[in-house]
Each structure stands twice: as C-alpha cells, then as structure tokens.
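Enquirer: The following file, model.cif, comprises mmCIF, C-alpha atoms:
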data_coords
#
loop_
_atom_site.label_atom_id
_atom_site.label_comp_id
_atom_site.auth_asym_id
_atom_site.auth_seq_id
_atom_site.Cartn_x
_atom_site.Cartn_y
_atom_site.Cartn_z
CA MET A 1 -39.45 -3.42 -16.13
CA THR A 2 -35.97 -4.70 -15.28
CA VAL A 3 -34.86 -6.18 -11.97
CA THR A 4 -31.22 -6.93 -11.24
CA ILE A 5 -30.36 -10.04 -9.26
CA HIS A 6 -27.07 -10.29 -7.38
CA TYR A 7 -26.10 -13.84 -6.53
CA LYS A 8 -23.69 -14.26 -3.63
CA GLY A 9 -21.79 -17.10 -2.01
CA GLN A 10 -22.61 -20.62 -3.07
CA ILE A 11 -25.63 -19.51 -5.12
CA ALA A 12 -23.30 -17.54 -7.41
CA THR A 13 -21.19 -20.66 -7.82
CA GLU A 14 -24.26 -22.74 -8.60
CA VAL A 15 -25.67 -20.20 -11.07
CA GLY A 16 -22.26 -19.65 -12.63
CA SER A 17 -22.69 -15.89 -12.51
CA SER A 18 -22.85 -13.14 -9.91
CA THR A 19 -25.45 -10.95 -11.57
CA GLU A 20 -28.41 -11.20 -13.91
CA ASP A 21 -31.12 -8.89 -15.23
CA LEU A 22 -34.70 -10.16 -15.33
CA LYS A 23 -37.53 -8.50 -17.22
CA PHE A 24 -41.16 -8.42 -16.07
CA ASP A 25 -44.20 -6.82 -17.63
CA GLU A 26 -45.29 -5.06 -14.44
CA PRO A 27 -44.30 -4.65 -10.76
CA ILE A 28 -44.23 -8.02 -9.04
CA TYR A 29 -44.10 -9.23 -5.45
CA LEU A 30 -40.76 -10.55 -4.24
CA ILE A 31 -42.11 -14.06 -3.80
CA GLY A 32 -42.94 -14.11 -7.51
CA ILE A 33 -39.36 -13.24 -8.38
CA LEU A 34 -38.01 -15.95 -6.09
CA LYS A 35 -40.33 -18.49 -7.74
CA ALA A 36 -39.22 -17.30 -11.18
CA LEU A 37 -35.58 -17.78 -10.19
CA SER A 38 -36.36 -21.22 -8.83
CA ASP A 39 -38.30 -22.23 -11.96
CA LYS A 40 -35.58 -21.19 -14.36
CA GLY A 41 -32.68 -22.53 -12.30
CA THR A 42 -31.44 -25.93 -11.28
CA GLU A 43 -32.80 -28.05 -8.46
CA ALA A 44 -29.83 -26.95 -6.37
CA ILE A 45 -30.79 -23.30 -6.80
CA ASN A 46 -34.34 -24.14 -5.82
CA ASP A 47 -33.00 -25.80 -2.67
CA PHE A 48 -31.13 -22.64 -1.71
CA ILE A 49 -34.32 -20.59 -1.99
CA PHE A 50 -37.12 -22.90 -0.88
CA ASP A 51 -37.33 -25.64 1.72
CA GLU A 52 -38.93 -29.05 1.20
CA LYS A 53 -42.34 -27.57 2.06
CA GLY A 54 -42.01 -24.93 -0.63
CA GLN A 55 -41.48 -22.12 1.87
CA PRO A 56 -38.63 -19.62 1.44
CA THR A 57 -35.57 -20.81 3.35
CA ARG A 58 -35.30 -18.75 6.53
CA SER A 59 -31.52 -18.69 6.51
CA LEU A 60 -31.25 -17.12 3.07
CA LEU A 61 -30.80 -13.38 3.47
CA VAL A 62 -32.71 -11.50 0.79
CA LEU A 63 -31.93 -7.84 0.27
CA VAL A 64 -33.88 -5.35 -1.78
CA ASN A 65 -31.73 -2.34 -2.59
CA ASP A 66 -29.34 -3.41 0.18
CA GLU A 67 -32.02 -3.68 2.89
CA GLN A 68 -32.96 -7.04 4.35
CA VAL A 69 -36.61 -8.06 3.88
CA ILE A 70 -38.51 -11.09 5.17
CA ASP A 71 -42.05 -10.41 4.06
CA PHE A 72 -41.70 -11.76 0.55
CA GLN A 73 -45.45 -11.85 -0.02
CA LYS A 74 -45.97 -8.13 0.56
CA THR A 75 -42.77 -6.64 -0.79
CA LEU A 76 -43.55 -5.18 -4.20
CA ILE A 77 -40.61 -4.99 -6.56
CA SER A 78 -40.59 -2.19 -9.08
CA ASP A 79 -38.39 -1.15 -11.98
CA ASP A 80 -34.64 -0.92 -11.34
CA CYS A 81 -34.76 -2.73 -8.00
CA VAL A 82 -31.66 -4.70 -7.05
CA ILE A 83 -32.26 -7.98 -5.25
CA SER A 84 -29.35 -9.72 -3.53
CA LEU A 85 -29.45 -13.35 -2.41
CA LEU A 86 -26.99 -14.09 0.40
CA PRO A 87 -26.85 -17.71 1.52
CA PRO A 88 -25.13 -18.40 4.86
CA ILE A 89 -21.35 -18.68 4.66
CA ALA A 90 -18.97 -20.06 7.26
CA GLY A 91 -15.58 -20.23 5.63
CA GLY A 92 -12.83 -19.76 8.17
CA MET B 1 -22.91 -2.61 28.58
CA CYS B 2 -22.81 -6.28 29.32
CA HIS B 3 -19.20 -6.88 28.33
CA LEU B 4 -17.96 -4.19 30.69
CA THR B 5 -19.56 -6.05 33.57
CA VAL B 6 -17.51 -9.07 32.65
CA ALA B 7 -14.33 -7.06 32.23
CA THR B 8 -14.82 -5.26 35.53
CA HIS B 9 -15.36 -8.56 37.25
CA ARG B 10 -12.14 -9.91 35.84
CA TRP B 11 -10.25 -6.79 36.77
CA ARG B 12 -11.03 -7.46 40.41
CA LEU B 13 -9.22 -10.76 40.14
CA VAL B 14 -6.03 -9.71 38.35
CA PHE B 15 -5.51 -6.12 37.38
CA LYS B 16 -2.52 -5.24 35.26
CA MET B 17 -1.30 -1.69 34.77
CA LEU B 18 0.38 -0.37 31.65
CA THR B 19 4.16 -0.48 31.89
CA GLU B 20 6.56 1.98 30.30
CA VAL B 21 7.34 -0.69 27.71
CA ASP B 22 3.61 -0.95 26.92
CA LYS B 23 3.35 2.80 26.48
CA LEU B 24 6.28 2.74 24.07
CA ARG B 25 5.20 -0.39 22.18
CA TYR B 26 1.65 0.83 21.65
CA SER B 27 2.50 4.54 21.26
CA TRP B 28 1.48 4.59 17.60
CA GLN B 29 -2.02 3.29 18.32
CA LEU B 30 -2.32 5.42 21.45
CA ASP B 31 -2.20 8.35 19.01
CA VAL B 32 -5.41 7.18 17.33
CA PRO B 33 -8.14 9.71 18.27
CA GLY B 34 -10.43 8.20 20.87
CA PHE B 35 -8.03 5.38 21.75
CA GLY B 36 -5.91 6.13 24.78
CA GLU B 37 -4.40 4.52 27.85
CA ARG B 38 -7.80 3.59 29.27
CA GLU B 39 -8.62 1.60 26.14
CA GLN B 40 -5.14 0.04 26.03
CA LEU B 41 -5.56 -0.97 29.65
CA THR B 42 -8.86 -2.62 28.79
CA LEU B 43 -7.16 -4.64 26.07
CA LYS B 44 -4.36 -5.65 28.40
CA ASN B 45 -6.84 -6.91 30.95
CA SER B 46 -9.02 -8.76 28.46
CA THR B 47 -9.14 -12.33 27.23
CA ALA B 48 -10.23 -13.29 23.71
CA LEU B 49 -11.26 -16.74 22.57
CA VAL B 50 -10.43 -17.44 18.93
CA THR B 51 -11.76 -20.59 17.26
CA ARG B 52 -10.12 -21.75 15.04
CA VAL B 53 -6.68 -20.45 14.04
CA GLY B 54 -6.93 -21.05 10.29
CA GLY B 55 -7.30 -18.54 7.47
CA ILE B 56 -9.37 -16.11 9.52
CA GLY B 57 -8.59 -17.07 13.12
CA GLY B 58 -4.82 -16.95 12.60
CA PRO B 59 -4.74 -13.31 11.48
CA VAL B 60 -7.37 -12.48 14.12
CA ALA B 61 -5.11 -13.85 16.85
CA GLN B 62 -2.04 -12.12 15.43
CA SER B 63 -3.72 -8.71 15.19
CA LEU B 64 -5.12 -9.04 18.70
CA ALA B 65 -1.64 -9.87 19.96
CA ALA B 66 -0.24 -6.91 18.02
CA ALA B 67 -2.84 -4.63 19.57
CA GLY B 68 -1.91 -5.81 23.08
CA ILE B 69 -4.65 -8.19 24.14
CA GLY B 70 -3.84 -9.65 27.55
CA LYS B 71 -4.69 -13.25 26.87
CA LEU B 72 -5.61 -15.39 23.89
CA ILE B 73 -7.44 -18.70 24.14
CA LEU B 74 -6.99 -20.67 20.93
CA ALA B 75 -8.98 -23.77 19.99
CA HIS B 76 -8.25 -25.84 16.91
CA ALA B 77 -7.80 -29.57 16.47
CA GLY B 78 -5.60 -31.36 14.01
CA LYS B 79 -2.21 -31.26 12.43
CA LEU B 80 -0.87 -28.88 9.81
CA ARG B 81 -1.18 -29.99 6.18
CA GLU B 82 0.42 -28.74 3.00
CA ASP B 83 -2.89 -27.38 1.70
CA ASP B 84 -3.38 -25.24 4.83
CA LEU B 85 -0.45 -23.04 3.94
CA ASN B 86 -2.11 -20.70 1.44
CA ARG B 87 -3.94 -19.03 4.33
CA GLN B 88 -2.84 -20.28 7.76
CA ILE B 89 -0.15 -17.69 8.23
CA LEU B 90 0.89 -18.57 11.77
CA MET B 91 2.40 -21.83 10.53
CA SER B 92 5.22 -22.78 8.20
CA ARG B 93 6.09 -25.61 5.86
CA ASP B 94 8.64 -27.21 8.18
CA GLN B 95 5.80 -27.68 10.72
CA ILE B 96 3.64 -29.93 8.53
CA GLY B 97 2.36 -32.77 10.66
CA GLU B 98 2.56 -30.77 13.88
CA SER B 99 -0.35 -29.52 15.96
CA ARG B 100 -1.83 -26.45 14.25
CA VAL B 101 -2.77 -24.69 17.44
CA LYS B 102 0.64 -25.26 19.02
CA CYS B 103 2.37 -23.93 15.90
CA ALA B 104 0.13 -20.87 16.06
CA ALA B 105 0.84 -20.34 19.75
CA GLY B 106 4.59 -20.54 19.13
CA THR B 107 4.44 -17.90 16.41
CA LEU B 108 2.29 -15.62 18.54
CA LYS B 109 4.52 -16.04 21.55
CA ARG B 110 7.56 -15.00 19.52
CA PHE B 111 5.57 -12.08 18.14
CA ASN B 112 4.36 -10.75 21.51
CA SER B 113 5.69 -12.54 24.54
CA ASP B 114 3.54 -10.43 26.85
CA THR B 115 0.33 -11.96 25.54
CA GLN B 116 -0.66 -15.01 27.56
CA ILE B 117 -1.74 -17.90 25.38
CA GLU B 118 -3.79 -20.93 26.32
CA VAL B 119 -4.28 -23.61 23.69
CA PHE B 120 -6.87 -26.32 23.23
CA ASP B 121 -5.88 -28.89 20.64
CA GLU B 122 -9.54 -29.61 20.01
CA ASN B 123 -12.43 -28.05 18.17
CA VAL B 124 -15.34 -26.58 20.07
CA ASN B 125 -18.14 -29.05 20.70
CA ASN B 126 -21.10 -29.28 23.04
CA VAL B 127 -19.01 -31.08 25.66
CA ASN B 128 -16.05 -28.69 25.88
CA ILE B 129 -17.68 -25.34 25.00
CA ASP B 130 -18.12 -24.15 28.60
CA ARG B 131 -14.59 -25.16 29.58
CA ILE B 132 -13.07 -23.39 26.58
CA SER B 133 -15.19 -20.23 26.56
CA SER B 134 -15.85 -19.48 30.23
CA GLU B 135 -12.84 -17.22 30.79
CA ALA B 136 -13.21 -15.19 27.60
CA ASP B 137 -14.40 -11.58 27.59
CA ILE B 138 -14.98 -11.73 23.85
CA ILE B 139 -15.31 -14.54 21.32
CA PHE B 140 -14.16 -14.55 17.71
CA GLY B 141 -16.00 -17.20 15.67
CA CYS B 142 -13.78 -18.32 12.80
CA ALA B 143 -14.76 -21.98 12.44
CA PRO B 144 -15.62 -23.54 9.07
CA LEU B 145 -18.76 -25.26 10.33
CA PHE B 146 -22.05 -23.79 11.45
CA GLU B 147 -22.34 -26.33 14.26
CA GLU B 148 -19.35 -24.71 15.93
CA ARG B 149 -20.49 -21.18 15.18
CA PHE B 150 -23.89 -21.85 16.74
CA LEU B 151 -22.24 -23.31 19.83
CA LEU B 152 -20.13 -20.16 20.14
CA ASN B 153 -23.31 -18.12 19.72
CA GLU B 154 -24.98 -20.04 22.57
CA ALA B 155 -21.90 -19.55 24.75
CA ALA B 156 -21.87 -15.83 24.00
CA VAL B 157 -25.55 -15.48 24.90
CA LYS B 158 -25.21 -17.61 28.03
CA GLY B 159 -22.11 -15.72 29.19
CA ASN B 160 -23.44 -12.33 28.09
CA LYS B 161 -20.29 -11.63 26.12
CA PRO B 162 -19.76 -10.23 22.62
CA LEU B 163 -19.23 -12.52 19.65
CA ILE B 164 -17.59 -11.42 16.43
CA ASP B 165 -18.69 -13.85 13.72
CA CYS B 166 -16.18 -13.75 10.87
CA ALA B 167 -16.81 -15.74 7.70
CA MET B 168 -15.83 -15.94 4.06
CA TYR B 169 -16.49 -17.78 0.84
CA SER B 170 -14.35 -17.45 -2.26
CA MET B 171 -13.85 -13.69 -2.86
CA GLU B 172 -16.57 -12.65 -0.39
CA GLY B 173 -16.35 -12.02 3.32
CA GLN B 174 -18.57 -10.87 6.15
CA VAL B 175 -18.34 -9.85 9.79
CA ILE B 176 -21.30 -9.76 12.17
CA PRO B 177 -20.66 -8.13 15.57
CA ILE B 178 -23.07 -9.66 18.07
CA VAL B 179 -23.81 -8.23 21.51
CA PRO B 180 -26.35 -10.43 23.34
CA GLY B 181 -29.51 -8.60 24.27
CA THR B 182 -28.70 -5.72 21.94
CA THR B 183 -28.21 -7.14 18.47
CA PRO B 184 -29.68 -10.15 16.70
CA CYS B 185 -27.69 -13.27 17.54
CA LEU B 186 -26.42 -15.70 14.93
CA LYS B 187 -29.49 -17.89 15.32
CA CYS B 188 -31.76 -14.86 14.80
CA ILE B 189 -30.00 -14.29 11.49
CA TYR B 190 -29.78 -17.95 10.47
CA PRO B 191 -32.71 -19.69 12.22
CA ASP B 192 -32.53 -22.79 10.05
CA ASP B 193 -29.44 -24.98 9.92
CA PRO B 194 -27.67 -24.12 6.65
CA GLU B 195 -27.80 -27.54 5.04
CA HIS B 196 -25.93 -26.49 1.91
CA TRP B 197 -22.78 -25.27 3.60
CA GLN B 198 -19.84 -27.54 2.89
CA ARG B 199 -16.64 -27.94 4.86
CA LYS B 200 -14.43 -27.29 1.83
CA PHE B 201 -14.71 -23.84 0.30
CA PRO B 202 -12.68 -21.77 -2.14
CA VAL B 203 -10.34 -19.39 -0.36
CA PHE B 204 -7.53 -16.94 -0.97
CA GLY B 205 -5.48 -16.22 2.15
CA ALA B 206 -5.67 -12.49 1.45
CA VAL B 207 -9.48 -12.60 1.52
CA SER B 208 -9.67 -14.51 4.80
CA SER B 209 -7.09 -12.14 6.25
CA LEU B 210 -9.18 -9.15 5.20
CA VAL B 211 -12.19 -10.60 7.02
CA ALA B 212 -9.99 -11.10 10.08
CA GLN B 213 -8.82 -7.51 10.17
CA ILE B 214 -12.37 -6.15 9.94
CA GLY B 215 -13.39 -8.52 12.74
CA VAL B 216 -10.55 -7.45 15.01
CA ILE B 217 -11.35 -3.77 14.49
CA GLU B 218 -14.98 -4.39 15.43
CA GLY B 219 -13.97 -6.51 18.42
CA ILE B 220 -11.60 -3.87 19.76
CA LYS B 221 -14.28 -1.21 19.32
CA ILE B 222 -16.77 -3.24 21.36
CA LEU B 223 -14.29 -4.36 24.00
CA CYS B 224 -12.88 -0.87 24.56
CA GLN B 225 -16.08 1.11 23.90
CA PHE B 226 -14.14 2.94 21.24
CA ASP B 227 -15.59 4.48 18.08
CA ASP B 228 -18.85 3.11 16.70
CA PRO B 229 -19.08 -0.67 16.32
CA SER B 230 -21.45 -1.88 13.61
CA LEU B 231 -24.08 -3.24 15.98
CA GLY B 232 -27.11 -4.74 14.28
CA GLU B 233 -25.29 -4.72 10.98
CA MET B 234 -23.41 -7.14 8.76
CA ILE B 235 -20.24 -5.80 7.20
CA ARG B 236 -19.92 -7.51 3.86
CA PHE B 237 -17.36 -7.19 1.10
CA ASP B 238 -16.87 -8.63 -2.34
CA ALA B 239 -13.19 -8.57 -3.26
CA SER B 240 -14.03 -9.35 -6.90
CA LEU B 241 -15.67 -5.95 -7.20
CA MET B 242 -13.73 -4.47 -4.28
CA ASN B 243 -16.85 -3.09 -2.67
CA VAL B 244 -17.72 -3.01 1.03
CA LYS B 245 -21.26 -2.61 2.33
CA LYS B 246 -22.93 -2.44 5.70
CA ILE B 247 -26.26 -4.25 5.73
CA ARG B 248 -28.77 -3.30 8.40
CA LEU B 249 -30.06 -6.58 9.84
CA LEU B 250 -33.59 -7.17 11.03
CA PRO B 251 -34.16 -6.90 14.80
CA ARG B 252 -33.83 -9.88 17.13
CA ARG B 253 -36.38 -12.63 16.51
CA GLU B 254 -38.98 -12.74 19.25
CA ASN B 255 -39.05 -16.51 19.14
CA CYS B 256 -35.31 -17.08 18.76
CA PRO B 257 -34.43 -20.31 20.58
CA ALA B 258 -30.94 -19.06 21.36
CA CYS B 259 -31.36 -15.51 22.67
CA ASN B 260 -34.99 -15.16 23.70
#
With the file now loaded, output its structure as structure tokens.
Expert:
Amino acid sequence: MTVTIHYKGQIATEVGSSTEDLKFDEPIYLIGILKALSDKGTEAINDFIFDEKGQPTRSLLVLVNDEQVIDFQKTLISDDCVISLLPPIAGG
Amino acid sequence: MCHLTVATHRWRLVFKMLTEVDKLRYSWQLDVPGFGEREQLTLKNSTALVTRVGGIGGPVAQSLAAAGIGKLILAHAGKLREDDLNRQILMSRDQIGESRVKCAAGTLKRFNSDTQIEVFDENVNNVNIDRISSEADIIFGCAPLFEERFLLNEAAVKGNKPLIDCAMYSMEGQVIPIVPGTTPCLKCIYPDDPEHWQRKFPVFGAVSSLVAQIGVIEGIKILCQFDDPSLGEMIRFDASLMNVKKIRLLPRRENCPACN
C-alpha cells in the first residue's frame, strides 16, 4: 500500500521536499510510520518528530486526511492515506 | 460571548456614534450582507492590540485602520533596517534607523486620522504584558517568537478576550482564531515549547500580507459577531500550491496550564 507524506514548515526545509510516497506491505499504525520517517531521515527530522524520551513531540500537528490525530498508537493507516506533518510556525 | 462583555464595558466609558463622514467612508463595506451600522459602530468603539508591526502585523494594523477600528495599540521594539523592507510595508527606505513602531504609527495616522494610535517601542514581555494588553478588546499575535505568542495567549485567557494568532513560514501561512473558554488556546495546540523555531525565517512580503488579511477578516468577524468565524479551526494555506484548508483542531486540553 502507498501512503503520501506532506511535509510542512521547517520539516519540509529539512527534508528538502514537500511530499513523498512511502510503500508498506500492509496497513500500519501511525506511530510505525512516524518511526519509519525518523529512521530514514536525519537527526534533525527525528528531533522534529520525537522528543529526547522517544515520545512523539506534542507540538507537532499530525493530520491524517486533513484531520488532526493524537492517538498515534491506535490510528491505523491504510492505503492512499495522506499524512501531513505541521511543525509550529511563528513567522511574523 | 465573552468579548461582547468587554466591549459593552468599554462602551459605558466612552461611546462614539457613527458620523456622516463615517457612513460615507465605510459605505462600501456597509453594503456587505450582514455587516451594517451596528457592526461598524462596534469597530469604531473597539481597541485592537497588534504585536508586532512587521510583515504580518503591519498589514494587520493597516487593514484594521481601513475598516474603521477605533484604536490601535502597537508594540514593537527596534529600529528599521534595510532587510525589513521586503515585508514591513508601513515603513520606507528613508526611515532606516528610525523606530519601527513610530514609523508605522505615522503611516497609519496619515492613512486614517480618525483611528487613535498608541505605541509601545518595546516587545511584549512578562513585565509589560498587562500594561500593553489591558485596554485591548482583541489581540492580534504577529510576533516572530513563541515566547511572545504564549504571553499574548496568557493575556487573552486572563482578560477573556479573543486572540488571532497569525503566523507564516516561507510560502506557508496560518491563522488560528482563539476565543478563551470556547476554542483551544495556543498552549492547547502547542503544549511543548517549540524548540526548533528560529528567529530568522524565509519570507515573501506578499505571503505575510496574505496571512494578515485572513487574520483581520477573522478578527472582525469575532469582534462584530458577523458571519461565521473559524472557531476551533486553523486556517492554513500553502502559496506554493495555492491551496487553502481549514483544519479542525482537537478540543481544549483538559490539563492545559494556560486555559484550564
């Protein structure tokens, strides 16, 4: 199955792209996708997603099909889902 | 709603009626369905705090003045620099080295001399926040640092007044209308201090101005109880793709240190 990731804000700058398709063999929980992104990315990307205790950063807004979710452990991601990562921005 | 209580209270102190000049000046917006003399009167008798008056805050202040806000309180420290001028539209090149907020006030005063303007040549901090925000009926958060935005959030919650948080990064922008007690506050949305945010960010003036205009529209809707403000939502756009989305935010956090 294919999952589309939309990177926003500083994460997009760090990744060097605003979108990416990831392929998985079967439906996967959101936390697994976040870990996969962290594993394949730089340390800076990991720091945007996880805190020093390895927990998802609470100020990163994660959207699945444009709806905010916080229960990453129980949110099952299926084929064609779009996941958006929105770090906090404060440009004025 | 909470903000009306504040406005009504202020109206008892100094109540200004619409003049014939007002009715002529604002006649084009008075034709907007749902926006009439009652709403214009609310604007005229309202005070907005705008911090700061840079790429977002400058256009916010100008559009509020254009719409007929009664009073603007502007807070922004520092002097104008050459590299401010791609976005800080209330200032001009011949003013480099002068106080930003005083330059902005001068431009606004020439633009609408009926709008009262009070300036603070300082950025909001935990010492001056009460002094700067106490008179405002609505707050527009346009500062480049989360420390300031969280202080404005605390002031909004404490004073039971709406906060329009306006922010951008590169080609992206977002507006979060916050009404204490009704919507999640900024600390509900961002409970951890965003350690990665940096003071310097990529910015086109047109993008920050776009954020400002969305913020002003939402602020006027809340202040005047006009149309449907996007309460509990984040309005977010990506100018690279030219798409605009409304994101439904999660409810207020039960354990939020700021609003609960």
Enquirer: Report the distance between atom CA of Met91 of chain B and atom CA of Gly91 of chain A in Å, rounded to one decimal place.
Expert: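 That distance, rounded to one decimal, is 18.7 Å.
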Enquirer: Would you write out, as a ChimeraX atom specification, every residue that the PyMOL selection byres ((chain A) within 9 of (chain B)) captures in this file?
Expert: /A:8-10,47-48,57-61,63,66-70,87-92
Enquirer: List the spatial neighbours of Lys44 of chain B as a PyMOL selection string - criterion: any atom at most 7 Å away, only C-alpha atoms, same-chain residues fewer than 2 positions off excluded.
Expert: chain B and resi 40-42+46+68-70
Enquirer: With distances taken over all atoms listed in the file, which residue among B:Val32, B:Val207, B:Leu18, B:Leu64 lies nearest Arg236 of chain B?
Expert: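 Checking each candidate against Arg236 of chain B, we get B:Val207 as the closest.
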Enquirer: Here is a test: counting only C-alpha atoms, which residue of A:Ala12, A:Ile77, A:Lys23, A:Lys53 is nearest to Gly41 of chain A?
Expert: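 Between A:Ala12, A:Ile77, A:Lys23, A:Lys53, the residue approaching Gly41 of chain A most closely is A:Ala12.
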Enquirer: Tell me which of A:Val3, A:Phe24, A:Leu37, A:Thr42 sits closest to Cys81 of chain A, counting only C-alpha atoms.
Expert: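 The closest residue to Cys81 of chain A is A:Val3.
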Enquirer: So that I can check the surroundings of Asn112 of chain B, please list as a list in words every protein, DNA and RNA residue that reaches within 12 Å of it, counting only C-alpha atoms and ignoring chain neighbours fewer than 2 positions away.
Expert: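 Listing them by chain and then by number gives Asp22, Arg25, Tyr26, Ala61, Gln62, Ser63, Leu64, Ala65, Ala66, Ala67, Gly68, Ile69, Gly70, Lys71, Leu72, Ala105, Gly106, Thr107, Leu108, Lys109, Arg110, Asp114, Thr115, Gln116 and Ile117 of chain B.
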Enquirer: Between atom CA of Ser18 of chain A and atom CA of His6 of chain A, measure the distance and give it in Å to one decimal.
Expert: 5.7 Å
Enquirer: In Å, with one decimal, what is the gap from atom CA of Asp228 of chain B to atom CA of Asn45 of chain B?
Expert: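 About the pair atom CA of Asp228 of chain B and atom CA of Asn45 of chain B: they are 21.2 Å apart.
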Enquirer: Nearest residue to Asp84 of chain B out of B:Leu43, B:Ile96, B:Cys259, B:Ile138, using all atoms listed in the file?
Expert: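 Distance minimum relative to Asp84 of chain B lands on B:Ile96.
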Enquirer: Go through the shown structure with the PyMOL selection byres ((chain A and resi 79) around 6) and write out the matching residues as a PyMOL selection string.
Expert: chain A and resi 1-2+78+80-81
Enquirer: Once you have the residues from the selection above, write them out as a compact mmCIF listing (two decimals), in the coordinates of the input, restricted to C-alpha atoms.
Expert:
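Result went into selection-v5.txt, see below:
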# COMPACT_ATOMS: atom_id res chain seq x y z
CA MET A 1 -39.45 -3.42 -16.13
CA THR A 2 -35.97 -4.70 -15.28
CA SER A 78 -40.59 -2.19 -9.08
CA ASP A 80 -34.64 -0.92 -11.34
CA CYS A 81 -34.76 -2.73 -8.00
Enquirer: Within 12 Å of Gly54 of chain A, counting all atoms listed in the file, which residues show up once you throw out same-chain ones fewer than 5 positions away? Write them as a ChimeraX atom specification, please.
Expert: /A:31,34-35,38,46-49
Enquirer: Go ahead and save the picked residues with C-alpha atoms, as an mmCIF file, keeping the file's coordinate frame.
Expert:
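The result, stored in result.cif:
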data_model
loop_
_atom_site.group_PDB
_atom_site.id
_atom_site.type_symbol
_atom_site.label_atom_id
_atom_site.label_comp_id
_atom_site.auth_asym_id
_atom_site.auth_seq_id
_atom_site.Cartn_x
_atom_site.Cartn_y
_atom_site.Cartn_z
ATOM 1 C CA ILE A 31 -42.110 -14.060 -3.800
ATOM 2 C CA LEU A 34 -38.010 -15.950 -6.090
ATOM 3 C CA LYS A 35 -40.330 -18.490 -7.740
ATOM 4 C CA SER A 38 -36.360 -21.220 -8.830
ATOM 5 C CA ASN A 46 -34.340 -24.140 -5.820
ATOM 6 C CA ASP A 47 -33.000 -25.800 -2.670
ATOM 7 C CA PHE A 48 -31.130 -22.640 -1.710
ATOM 8 C CA ILE A 49 -34.320 -20.590 -1.990
#
Enquirer: B:Leu241, B:Val157, B:Ile164, B:Leu49: which is nearest Gly181 of chain B, counting all atoms listed in the file?
Expert: B:Val157
